[in-house]
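Asker: For reference, the structure I am asking about is given below.
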Amino acid sequence: HPLYRCLPVSILIKNVLKYAKTNREVKAILNSSEILINNKIRKDYKFPVGIMDIIQIKKTDENFRIIINKNNKYELNKINNEEAKLKLCKIINKKILKKGKIQLNLFDGRNILVDKNDYKVGDTIILDLEKNKIVDHLRLEKGSTVYITDGKYIGYTGKLENIIKKGMQENTISFKTDKEKFETLKDYAFVIPDKQLK
């Protein structure tokens with residue numbers, strides 16, 4: 001994650017989950033191998049977590065997805081065990097490699113190789129964390145559900161109505177919530193399944 005868009009897992013455990021009051025308590029929790037982040041046990045209290053990361057707590061059998069709300073605060077969206085196996089990853093770049101392979105560069109720093117050039121920058125893939133395999137592809141297009149991850153409308157969710165190209169300027173999108181219509185930068189749009197953040 002970009003540095004401005006993540007927080008150490010110690011802050012998450014203390015301030016969001018409220019499972020500890022001190023870093024010493026945080027370290028004890030992490031050293032007990034009770035916390036999984038994106039299906040991997042993490043013991044570094046400085047490990048960065050961010051939007052759409054999956055947090056699993058073995059002792060309490062709880063699973064959460066990290067989101068940001070309209071107040072620009074991190075929130076934990078409770079999910080079930082099946083949902084915890086899947087992570088939403090936004091494509092921020094792609095490269096054509098030798099022998100026609102395509103590398104997708106994802107928003108959280110990971111890369112994944114694909115055979116078909118069906119994916120565009122701005123689309124979202126749903127990744128099976130156990131198999132490291134793409135199980136679904138959500139396109140950034142008219143009618144898709146978008147979650148806004150930055151800017152004035154951070155935390156909003158709505159239907160994408162239009163992608164507006166502005167020549168040399170950054171592209172924008174218009175999206176509609178239940179009540180209003182808004183415009184923001186295309187880069188802030190994160191495509192999600194229709195009922196993902198309800």
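Each chain of the structure tokens is named A, B, ... in the order shown, its residues numbered from 1; ligands are numbered from 1 in display order.
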Got a sec: who's within 7 Å of Ile57 (chain A), counting only C-alpha atoms, leaving out chain neighbours fewer than 6 positions off, as a list in words?

Answerer: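 Near Ile57 (chain A), the qualifying residues are Glu34, Ile35, Leu36 and Asn63 of chain A.
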
Asker: Save the residues we just selected, N, CA, C and O atoms, as an mmCIF file, in the first residue's frame?

Answerer:
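As a result, result_25.cif now contains:
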data_model
loop_
_atom_site.group_PDB
_atom_site.id
_atom_site.type_symbol
_atom_site.label_atom_id
_atom_site.label_comp_id
_atom_site.auth_asym_id
_atom_site.auth_seq_id
_atom_site.Cartn_x
_atom_site.Cartn_y
_atom_site.Cartn_z
ATOM 1 N N GLU A 34 -1.965 -15.583 16.291
ATOM 2 C CA GLU A 34 -3.431 -15.521 16.256
ATOM 3 C C GLU A 34 -3.962 -14.630 15.126
ATOM 4 O O GLU A 34 -5.129 -14.701 14.771
ATOM 5 N N ILE A 35 -3.115 -13.762 14.585
ATOM 6 C CA ILE A 35 -3.563 -12.784 13.591
ATOM 7 C C ILE A 35 -3.037 -13.152 12.205
ATOM 8 O O ILE A 35 -1.834 -13.287 11.998
ATOM 9 N N LEU A 36 -3.961 -13.316 11.273
ATOM 10 C CA LEU A 36 -3.588 -13.531 9.875
ATOM 11 C C LEU A 36 -3.994 -12.299 9.075
ATOM 12 O O LEU A 36 -5.091 -11.762 9.255
ATOM 13 N N ASN A 63 -13.483 -12.501 11.192
ATOM 14 C CA ASN A 63 -12.852 -12.084 9.947
ATOM 15 C C ASN A 63 -13.341 -10.678 9.603
ATOM 16 O O ASN A 63 -14.527 -10.378 9.737
#

Asker: Set the distance at 12 Å and use only C-alpha atoms: which residues neighbour Glu83 (chain A) once local chain neighbours fewer than 3 positions away are removed? I'd like the list as a VMD selection string.

Answerer: chain A and resid 38 to 39 52 to 56 62 to 65 77 to 80 86 to 88 126 to 130 193 196

Asker: Excluding region 178-187 of chain A and its own-chain neighbours fewer than 6 positions away, which residues fall within 9 Å of it when counting only C-alpha atoms? Please give them as a ChimeraX atom specification.

Answerer: /A:92,122,148-153,158,161,163-164,170-172

Asker: Near region 71-75 of chain A, counting only C-alpha atoms, which residues have an atom at most 7 Å away, once you skip same-chain residues fewer than 4 positions from it, shown as a PyMOL selection string?

Answerer: chain A and resi 66-67+154

Asker: Grab the CA of Asp61 (chain A) to CA of Arg42 (chain A) distance for me, in Å with one decimal place.

Answerer: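 Straight-line distance from CA of Asp61 (chain A) to CA of Arg42 (chain A) works out to 16.5 Å.
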
Asker: Mind checking DSSP for chain A and telling me the strand (DSSP E or B) residues as an MDAnalysis selection string?

Answerer: chainID A and resid 6:8 35:37 40:41 48:50 54:57 62:68 74:79 86:96 102:106 111:114 124:128 133:138 145:148 157:164 172:176 181:185 189:192

Asker: Using DSSP on the backbone coordinates, identify the residues of region 8-177 of chain A assigned to helix (DSSP H, G or I); present them as an mmCIF file with all heavy atoms, in the first residue's frame.

Answerer:
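Done, and the output landed in selection.cif:
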data_model
loop_
_atom_site.group_PDB
_atom_site.id
_atom_site.type_symbol
_atom_site.label_atom_id
_atom_site.label_comp_id
_atom_site.auth_asym_id
_atom_site.auth_seq_id
_atom_site.Cartn_x
_atom_site.Cartn_y
_atom_site.Cartn_z
ATOM 1 N N VAL A 9 -0.126 -2.569 11.828
ATOM 2 C CA VAL A 9 -1.092 -3.493 12.426
ATOM 3 C C VAL A 9 -1.248 -3.236 13.924
ATOM 4 O O VAL A 9 -2.310 -3.487 14.504
ATOM 5 C CB VAL A 9 -0.705 -4.958 12.126
ATOM 6 C CG1 VAL A 9 0.542 -5.380 12.887
ATOM 7 C CG2 VAL A 9 -1.858 -5.894 12.439
ATOM 8 N N SER A 10 -0.222 -2.667 14.571
ATOM 9 C CA SER A 10 -0.324 -2.350 16.007
ATOM 10 C C SER A 10 -1.434 -1.325 16.267
ATOM 11 O O SER A 10 -2.190 -1.444 17.236
ATOM 12 C CB SER A 10 1.015 -1.811 16.534
ATOM 13 O OG SER A 10 1.386 -0.635 15.849
ATOM 14 N N ILE A 11 -1.547 -0.325 15.391
ATOM 15 C CA ILE A 11 -2.603 0.691 15.529
ATOM 16 C C ILE A 11 -3.972 0.056 15.317
ATOM 17 O O ILE A 11 -4.941 0.367 16.021
ATOM 18 C CB ILE A 11 -2.385 1.844 14.526
ATOM 19 C CG1 ILE A 11 -1.035 2.517 14.756
ATOM 20 C CG2 ILE A 11 -3.520 2.867 14.611
ATOM 21 C CD1 ILE A 11 -0.897 3.240 16.073
ATOM 22 N N LEU A 12 -4.047 -0.852 14.353
ATOM 23 C CA LEU A 12 -5.305 -1.551 14.088
ATOM 24 C C LEU A 12 -5.753 -2.334 15.326
ATOM 25 O O LEU A 12 -6.921 -2.270 15.727
ATOM 26 C CB LEU A 12 -5.128 -2.498 12.901
ATOM 27 C CG LEU A 12 -6.386 -3.219 12.443
ATOM 28 C CD1 LEU A 12 -7.174 -2.359 11.476
ATOM 29 C CD2 LEU A 12 -6.047 -4.545 11.787
ATOM 30 N N ILE A 13 -4.819 -3.064 15.937
ATOM 31 C CA ILE A 13 -5.161 -3.893 17.102
ATOM 32 C C ILE A 13 -5.535 -3.025 18.309
ATOM 33 O O ILE A 13 -6.471 -3.336 19.044
ATOM 34 C CB ILE A 13 -3.989 -4.838 17.440
ATOM 35 C CG1 ILE A 13 -3.830 -5.887 16.329
ATOM 36 C CG2 ILE A 13 -4.218 -5.539 18.782
ATOM 37 C CD1 ILE A 13 -2.578 -6.734 16.443
ATOM 38 N N LYS A 14 -4.824 -1.907 18.489
ATOM 39 C CA LYS A 14 -5.086 -1.044 19.650
ATOM 40 C C LYS A 14 -6.292 -0.130 19.443
ATOM 41 O O LYS A 14 -7.186 -0.072 20.291
ATOM 42 C CB LYS A 14 -3.845 -0.186 19.954
ATOM 43 C CG LYS A 14 -2.696 -0.948 20.589
ATOM 44 C CD LYS A 14 -1.593 -0.022 21.078
ATOM 45 C CE LYS A 14 -0.925 0.707 19.937
ATOM 46 N NZ LYS A 14 0.225 1.522 20.409
ATOM 47 N N ASN A 15 -6.313 0.592 18.322
ATOM 48 C CA ASN A 15 -7.296 1.668 18.158
ATOM 49 C C ASN A 15 -8.585 1.255 17.464
ATOM 50 O O ASN A 15 -9.624 1.886 17.691
ATOM 51 C CB ASN A 15 -6.674 2.834 17.381
ATOM 52 C CG ASN A 15 -5.512 3.470 18.122
ATOM 53 O OD1 ASN A 15 -5.140 3.016 19.193
ATOM 54 N ND2 ASN A 15 -4.937 4.509 17.559
ATOM 55 N N VAL A 16 -8.508 0.244 16.599
ATOM 56 C CA VAL A 16 -9.701 -0.159 15.854
ATOM 57 C C VAL A 16 -10.350 -1.383 16.503
ATOM 58 O O VAL A 16 -11.520 -1.369 16.867
ATOM 59 C CB VAL A 16 -9.373 -0.421 14.363
ATOM 60 C CG1 VAL A 16 -10.653 -0.724 13.589
ATOM 61 C CG2 VAL A 16 -8.676 0.795 13.742
ATOM 62 N N ASN A 23 1.967 -1.494 23.073
ATOM 63 C CA ASN A 23 2.680 -2.260 22.044
ATOM 64 C C ASN A 23 3.132 -3.613 22.582
ATOM 65 O O ASN A 23 3.236 -4.581 21.833
ATOM 66 C CB ASN A 23 3.887 -1.474 21.522
ATOM 67 C CG ASN A 23 3.490 -0.476 20.439
ATOM 68 O OD1 ASN A 23 2.411 -0.574 19.856
ATOM 69 N ND2 ASN A 23 4.349 0.493 20.193
ATOM 70 N N ARG A 24 3.426 -3.663 23.881
ATOM 71 C CA ARG A 24 3.820 -4.937 24.489
ATOM 72 C C ARG A 24 2.692 -5.963 24.373
ATOM 73 O O ARG A 24 2.924 -7.130 24.040
ATOM 74 C CB ARG A 24 4.181 -4.704 25.955
ATOM 75 C CG ARG A 24 4.754 -5.923 26.641
ATOM 76 C CD ARG A 24 5.205 -5.588 28.051
ATOM 77 N NE ARG A 24 5.738 -6.762 28.720
ATOM 78 C CZ ARG A 24 6.223 -6.748 29.946
ATOM 79 N NH1 ARG A 24 6.267 -5.617 30.634
ATOM 80 N NH2 ARG A 24 6.687 -7.854 30.501
ATOM 81 N N GLU A 25 1.468 -5.522 24.632
ATOM 82 C CA GLU A 25 0.310 -6.417 24.495
ATOM 83 C C GLU A 25 0.090 -6.807 23.032
ATOM 84 O O GLU A 25 -0.243 -7.951 22.729
ATOM 85 C CB GLU A 25 -0.939 -5.735 25.054
ATOM 86 C CG GLU A 25 -0.918 -5.560 26.564
ATOM 87 C CD GLU A 25 -2.097 -4.751 27.083
ATOM 88 O OE1 GLU A 25 -2.864 -4.206 26.261
ATOM 89 O OE2 GLU A 25 -2.255 -4.655 28.322
ATOM 90 N N VAL A 26 0.296 -5.846 22.137
ATOM 91 C CA VAL A 26 0.169 -6.121 20.695
ATOM 92 C C VAL A 26 1.157 -7.211 20.287
ATOM 93 O O VAL A 26 0.802 -8.175 19.599
ATOM 94 C CB VAL A 26 0.415 -4.840 19.859
ATOM 95 C CG1 VAL A 26 0.580 -5.190 18.377
ATOM 96 C CG2 VAL A 26 -0.723 -3.860 20.040
ATOM 97 N N LYS A 27 2.411 -7.068 20.721
ATOM 98 C CA LYS A 27 3.447 -8.046 20.356
ATOM 99 C C LYS A 27 3.105 -9.434 20.885
ATOM 100 O O LYS A 27 3.341 -10.442 20.211
ATOM 101 C CB LYS A 27 4.801 -7.587 20.883
ATOM 102 C CG LYS A 27 5.357 -6.380 20.146
ATOM 103 C CD LYS A 27 6.650 -5.879 20.801
ATOM 104 C CE LYS A 27 7.149 -4.619 20.127
ATOM 105 N NZ LYS A 27 8.358 -4.073 20.785
ATOM 106 N N ALA A 28 2.538 -9.495 22.087
ATOM 107 C CA ALA A 28 2.150 -10.795 22.661
ATOM 108 C C ALA A 28 1.066 -11.451 21.810
ATOM 109 O O ALA A 28 1.107 -12.659 21.548
ATOM 110 C CB ALA A 28 1.663 -10.603 24.092
ATOM 111 N N ILE A 29 0.106 -10.649 21.355
ATOM 112 C CA ILE A 29 -0.973 -11.177 20.503
ATOM 113 C C ILE A 29 -0.401 -11.687 19.182
ATOM 114 O O ILE A 29 -0.713 -12.799 18.727
ATOM 115 C CB ILE A 29 -2.045 -10.094 20.248
ATOM 116 C CG1 ILE A 29 -2.813 -9.783 21.542
ATOM 117 C CG2 ILE A 29 -3.015 -10.524 19.148
ATOM 118 C CD1 ILE A 29 -3.712 -8.553 21.453
ATOM 119 N N LEU A 30 0.469 -10.886 18.560
ATOM 120 C CA LEU A 30 1.040 -11.270 17.264
ATOM 121 C C LEU A 30 1.948 -12.493 17.395
ATOM 122 O O LEU A 30 1.940 -13.378 16.532
ATOM 123 C CB LEU A 30 1.804 -10.093 16.662
ATOM 124 C CG LEU A 30 0.955 -8.886 16.250
ATOM 125 C CD1 LEU A 30 1.842 -7.721 15.830
ATOM 126 C CD2 LEU A 30 0.008 -9.245 15.105
ATOM 127 N N ASN A 31 2.714 -12.557 18.472
ATOM 128 C CA ASN A 31 3.634 -13.693 18.663
ATOM 129 C C ASN A 31 2.903 -15.005 18.942
ATOM 130 O O ASN A 31 3.480 -16.084 18.808
ATOM 131 C CB ASN A 31 4.622 -13.391 19.791
ATOM 132 C CG ASN A 31 5.686 -12.403 19.365
ATOM 133 O OD1 ASN A 31 6.027 -12.312 18.190
ATOM 134 N ND2 ASN A 31 6.220 -11.640 20.320
ATOM 135 N N GLU A 83 -15.825 -15.459 2.654
ATOM 136 C CA GLU A 83 -15.410 -14.152 2.135
ATOM 137 C C GLU A 83 -13.959 -13.851 2.496
ATOM 138 O O GLU A 83 -13.250 -13.156 1.756
ATOM 139 C CB GLU A 83 -16.317 -13.051 2.691
ATOM 140 C CG GLU A 83 -17.734 -13.079 2.160
ATOM 141 C CD GLU A 83 -18.618 -12.057 2.857
ATOM 142 O OE1 GLU A 83 -18.801 -12.170 4.083
ATOM 143 O OE2 GLU A 83 -19.113 -11.142 2.169
ATOM 144 N N ALA A 84 -13.506 -14.372 3.644
ATOM 145 C CA ALA A 84 -12.145 -14.107 4.111
ATOM 146 C C ALA A 84 -11.093 -14.775 3.227
ATOM 147 O O ALA A 84 -9.902 -14.440 3.306
ATOM 148 C CB ALA A 84 -11.987 -14.568 5.554
ATOM 149 N N LYS A 85 -11.501 -15.703 2.387
ATOM 150 C CA LYS A 85 -10.566 -16.362 1.472
ATOM 151 C C LYS A 85 -10.296 -15.508 0.235
ATOM 152 O O LYS A 85 -9.398 -15.808 -0.552
ATOM 153 C CB LYS A 85 -11.119 -17.717 1.030
ATOM 154 C CG LYS A 85 -11.270 -18.722 2.158
ATOM 155 C CD LYS A 85 -11.931 -20.008 1.641
ATOM 156 C CE LYS A 85 -12.170 -21.003 2.765
ATOM 157 N NZ LYS A 85 -12.890 -22.199 2.283
ATOM 158 N N LYS A 98 7.748 -11.365 -21.948
ATOM 159 C CA LYS A 98 8.149 -12.284 -23.020
ATOM 160 C C LYS A 98 7.158 -13.426 -23.151
ATOM 161 O O LYS A 98 6.498 -13.821 -22.190
ATOM 162 C CB LYS A 98 9.555 -12.840 -22.737
ATOM 163 C CG LYS A 98 10.649 -11.782 -22.818
ATOM 164 C CD LYS A 98 11.997 -12.389 -22.470
ATOM 165 C CE LYS A 98 13.093 -11.327 -22.534
ATOM 166 N NZ LYS A 98 14.405 -11.885 -22.142
ATOM 167 N N LYS A 99 7.059 -13.960 -24.363
ATOM 168 C CA LYS A 99 6.175 -15.097 -24.673
ATOM 169 C C LYS A 99 4.697 -14.761 -24.444
ATOM 170 O O LYS A 99 3.870 -15.642 -24.202
ATOM 171 C CB LYS A 99 6.567 -16.337 -23.860
ATOM 172 C CG LYS A 99 7.986 -16.827 -24.144
ATOM 173 C CD LYS A 99 8.310 -18.065 -23.341
ATOM 174 C CE LYS A 99 9.732 -18.535 -23.647
ATOM 175 N NZ LYS A 99 10.121 -19.718 -22.842
ATOM 176 N N GLY A 100 4.381 -13.459 -24.508
ATOM 177 C CA GLY A 100 2.983 -13.055 -24.464
ATOM 178 C C GLY A 100 2.343 -13.035 -23.093
ATOM 179 O O GLY A 100 1.151 -12.749 -22.955
#
